[in-house]
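Taking it in order: structure first as structure tokens, then the write-up.
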Amino acid sequence: MKRTLPVFFRYFFLYLSILLFISVFILLSLAENQWITALYQANFIGISLILYLILFSLGLAILTVAYLRAFEKKKLRKVEEGLRMMSQGHYSASIFMDMYSLDTPLQINEDVDRQFIKLHEKLMFMADQALKYAQESNGISEESREEILENERRRIARELHDSVSQQLFAASMLLSAANHQIKDCPDSVVKQLKMVEEAINASQTEMRALLLHLRPVQLDGKSLKQGIEQLLKELSSKTEITIHYTIESITLSQVIEDHFFRIIQELLSNVLRHAKAKELEVYLRKQEELIQLSIIDDGVGFNVSESKSGSYGLHNIRERIEGMGGHVKIISLKDIGTRIEISVPYNSGG
């Protein structure tokens, strides 16, 4: 307000002076002789003509200045709105969409309008570049992360197989040979050796489950049927579990095949680590519009409602299945076994 009032009065007195000068000049040009005296003595309804002239000039000056001030404020509001929109990142606001019409967008002057448009274009370019860079960075980092994770899985699995797994196998063979050679050892020693052998066997089972969990998530060019059958054959050759399976050839998208392959890996790993099963059944088939996966073991079972079920990785499996629009049904009885039924709509992956 401190700046607005002086500007207002400056414009006001300027226009008032101009109007008075023009009025006097017109009257002077019309008057023949003694125009000052005639002008001073002239009146209308008892009021001097000079007073009318002053009041008219005053009113016209006030209206002119008020109009100009309102017009300037309107232009400034456009500038303020444009700057506010740019500061908030709203580069597609309607005020900017009207900029490139034939009319002057801000109606201040051509130089200011041109600079304002250049500023808007520069900010738009910077925003587009930043978005493009962020998208490219996210894509690269995600691909790199997956590749690094996959390579690390392979490296750890290879080192565990070549070192720890082989050492456990060698220790198991030595201990088995020692058990056959001892004759006169006390029963307590024989019992302890038996316990050590069982511990080594349990460690081997745990190691196989861990190696199974560390296998590549992708099928590496194999079909889902080929990948599952190879997995089950390897498991059958390295464990004492009797495995029965029927895997149908089902055409699925690569993403869904990888999901199913990973789910089967996790479930088989859980059977090895926790179930203590002697027999295992795996079935994958298509029935009408559903893909059904069944995994059945005769192990120790578990209480599905207890938190222990979380150690089976079932939470992750449920999330994967629900993400494909399917559902999971688990039936488990103590000392009888566990049955896991998974159903997924075929159109989610076909």
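Scheme for the structure tokens: letters A, B, ... for chains in order shown; per-chain residue numbers from 1; ligand numbers from 1 in order shown.
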
Residue contacts of range 196-201 of chain A (7 Å, only C-alpha atoms) excluding same-chain residues fewer than 5 positions away, as a ChimeraX atom specification: /A:168,172,175

Expected file: the selected residues, N, CA and C atoms, as a compact mmCIF listing (two decimals), in the first residue's frame:
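The result, written out as out13.txt:
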# COMPACT_ATOMS: atom_id res chain seq x y z
N LEU A 168 30.38 -82.29 4.27
CA LEU A 168 29.36 -83.03 5.02
C LEU A 168 29.20 -84.44 4.47
N SER A 172 29.96 -87.85 6.52
CA SER A 172 28.93 -88.88 6.64
C SER A 172 29.48 -90.25 6.23
N LEU A 175 31.94 -91.50 8.97
CA LEU A 175 31.22 -91.91 10.18
C LEU A 175 30.47 -93.22 9.95

Per-residue DSSP, range 127-295 of chain A, filtered to helix (DSSP H, G or I), as a PyMOL selection string: chain A and resi 127-181+187-213+224-238+254-275

Output C-alpha atoms for every residue in that selection, as a short mmCIF file (atom, residue, chain, number, x, y, z; two decimals), in the first residue's frame.
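Wrote selection-v2.cif, looks like this:
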data_model
loop_
_atom_site.label_atom_id
_atom_site.label_comp_id
_atom_site.auth_asym_id
_atom_site.auth_seq_id
_atom_site.Cartn_x
_atom_site.Cartn_y
_atom_site.Cartn_z
CA ALA A 127 11.21 -31.15 -15.73
CA ASP A 128 11.00 -33.52 -18.72
CA GLN A 129 14.73 -34.20 -18.55
CA ALA A 130 14.57 -34.88 -14.80
CA LEU A 131 11.63 -37.27 -15.26
CA LYS A 132 13.36 -39.04 -18.14
CA TYR A 133 16.57 -39.37 -16.15
CA ALA A 134 14.71 -40.70 -13.10
CA GLN A 135 12.86 -43.29 -15.19
CA GLU A 136 16.05 -44.42 -16.92
CA SER A 137 17.88 -44.60 -13.58
CA ASN A 138 15.11 -46.66 -12.01
CA GLY A 139 15.04 -49.04 -14.95
CA ILE A 140 18.79 -49.49 -14.97
CA SER A 141 19.06 -49.90 -11.22
CA GLU A 142 16.23 -52.48 -11.16
CA GLU A 143 17.80 -54.54 -13.94
CA SER A 144 21.21 -54.30 -12.31
CA ARG A 145 19.80 -55.26 -8.92
CA GLU A 146 18.10 -58.37 -10.32
CA GLU A 147 21.22 -59.38 -12.22
CA ILE A 148 23.47 -58.86 -9.19
CA LEU A 149 21.06 -60.80 -6.96
CA GLU A 150 20.89 -63.70 -9.43
CA ASN A 151 24.67 -63.84 -9.81
CA GLU A 152 25.11 -63.77 -6.04
CA ARG A 153 22.65 -66.65 -5.63
CA ARG A 154 24.62 -68.72 -8.13
CA ARG A 155 27.94 -67.90 -6.47
CA ILE A 156 26.76 -68.79 -2.95
CA ALA A 157 25.10 -72.00 -4.16
CA ARG A 158 28.25 -73.02 -6.03
CA GLU A 159 30.52 -72.35 -3.05
CA LEU A 160 28.22 -74.19 -0.65
CA HIS A 161 28.01 -77.18 -2.97
CA ASP A 162 31.76 -77.32 -3.62
CA SER A 163 32.82 -76.85 0.01
CA VAL A 164 30.33 -77.38 2.83
CA SER A 165 28.12 -79.91 1.04
CA GLN A 166 31.09 -82.03 -0.04
CA GLN A 167 32.62 -81.93 3.43
CA LEU A 168 29.36 -83.03 5.02
CA PHE A 169 29.13 -85.89 2.55
CA ALA A 170 32.71 -86.96 3.31
CA ALA A 171 32.07 -86.78 7.07
CA SER A 172 28.93 -88.88 6.64
CA MET A 173 30.86 -91.56 4.71
CA LEU A 174 33.66 -91.68 7.30
CA LEU A 175 31.22 -91.91 10.18
CA SER A 176 29.23 -94.64 8.44
CA ALA A 177 32.41 -96.65 7.92
CA ALA A 178 33.42 -96.15 11.55
CA ASN A 179 30.03 -97.41 12.74
CA HIS A 180 30.53 -100.64 10.80
CA GLN A 181 34.03 -101.21 12.17
CA ASP A 187 26.94 -98.64 24.09
CA SER A 188 27.26 -94.99 25.11
CA VAL A 189 29.94 -94.43 22.44
CA VAL A 190 27.88 -96.22 19.80
CA LYS A 191 24.89 -94.10 20.78
CA GLN A 192 26.88 -90.88 20.53
CA LEU A 193 28.27 -91.87 17.13
CA LYS A 194 24.74 -92.58 15.98
CA MET A 195 23.63 -89.15 17.17
CA VAL A 196 26.52 -87.53 15.31
CA GLU A 197 25.56 -89.41 12.15
CA GLU A 198 21.97 -88.24 12.48
CA ALA A 199 23.14 -84.66 13.00
CA ILE A 200 25.30 -84.84 9.86
CA ASN A 201 22.41 -86.31 7.88
CA ALA A 202 20.15 -83.52 9.13
CA SER A 203 22.78 -80.95 8.12
CA GLN A 204 22.97 -82.51 4.67
CA THR A 205 19.20 -82.29 4.32
CA GLU A 206 19.26 -78.66 5.43
CA MET A 207 22.06 -77.95 2.96
CA ARG A 208 20.11 -79.54 0.10
CA ALA A 209 17.09 -77.41 1.00
CA LEU A 210 19.26 -74.31 1.09
CA LEU A 211 20.83 -75.11 -2.28
CA LEU A 212 17.36 -75.71 -3.68
CA HIS A 213 16.27 -72.31 -2.37
CA LEU A 224 7.81 -75.18 -16.78
CA LYS A 225 7.31 -78.95 -17.18
CA GLN A 226 11.01 -79.50 -17.95
CA GLY A 227 12.16 -77.31 -15.08
CA ILE A 228 9.94 -78.98 -12.47
CA GLU A 229 10.77 -82.52 -13.62
CA GLN A 230 14.50 -81.80 -13.56
CA LEU A 231 14.13 -80.35 -10.06
CA LEU A 232 12.25 -83.42 -8.80
CA LYS A 233 14.73 -85.86 -10.39
CA GLU A 234 17.67 -84.10 -8.72
CA LEU A 235 15.82 -84.12 -5.40
CA SER A 236 15.00 -87.81 -5.74
CA SER A 237 18.62 -88.72 -6.49
CA LYS A 238 20.04 -86.78 -3.54
CA GLN A 254 7.13 -66.43 -18.90
CA VAL A 255 6.26 -64.38 -15.82
CA ILE A 256 3.65 -66.87 -14.57
CA GLU A 257 5.94 -69.83 -15.29
CA ASP A 258 8.70 -68.20 -13.22
CA HIS A 259 6.20 -67.59 -10.39
CA PHE A 260 5.10 -71.24 -10.36
CA PHE A 261 8.68 -72.48 -10.55
CA ARG A 262 9.69 -70.31 -7.59
CA ILE A 263 6.66 -71.42 -5.57
CA ILE A 264 7.50 -75.10 -6.14
CA GLN A 265 11.12 -74.44 -5.15
CA GLU A 266 10.01 -72.86 -1.87
CA LEU A 267 7.52 -75.63 -1.09
CA LEU A 268 10.05 -78.41 -1.81
CA SER A 269 12.61 -76.59 0.31
CA ASN A 270 10.10 -76.48 3.16
CA VAL A 271 9.43 -80.22 2.84
CA LEU A 272 13.14 -80.98 3.06
CA ARG A 273 13.77 -78.72 6.03
CA HIS A 274 10.70 -79.33 8.15
CA ALA A 275 8.48 -82.21 7.08
#

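Here CA of Gln287 in chain A is placed at a distance of 20.4 Å from CA of Arg320 in chain A.
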
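Interatomic distance, CA of Glu248 in chain A to CA of Leu333 in chain A: 28.2 Å.
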
At what distance in Å, to one decimal, does CA of Val282 in chain A lie from CA of Ser253 in chain A? 21.3 Å

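Checking A:Leu280, A:Ala66, A:Leu58, A:Leu219 one by one against Ile241 in chain A, counting only C-alpha atoms, you find the shortest gap at A:Leu280.
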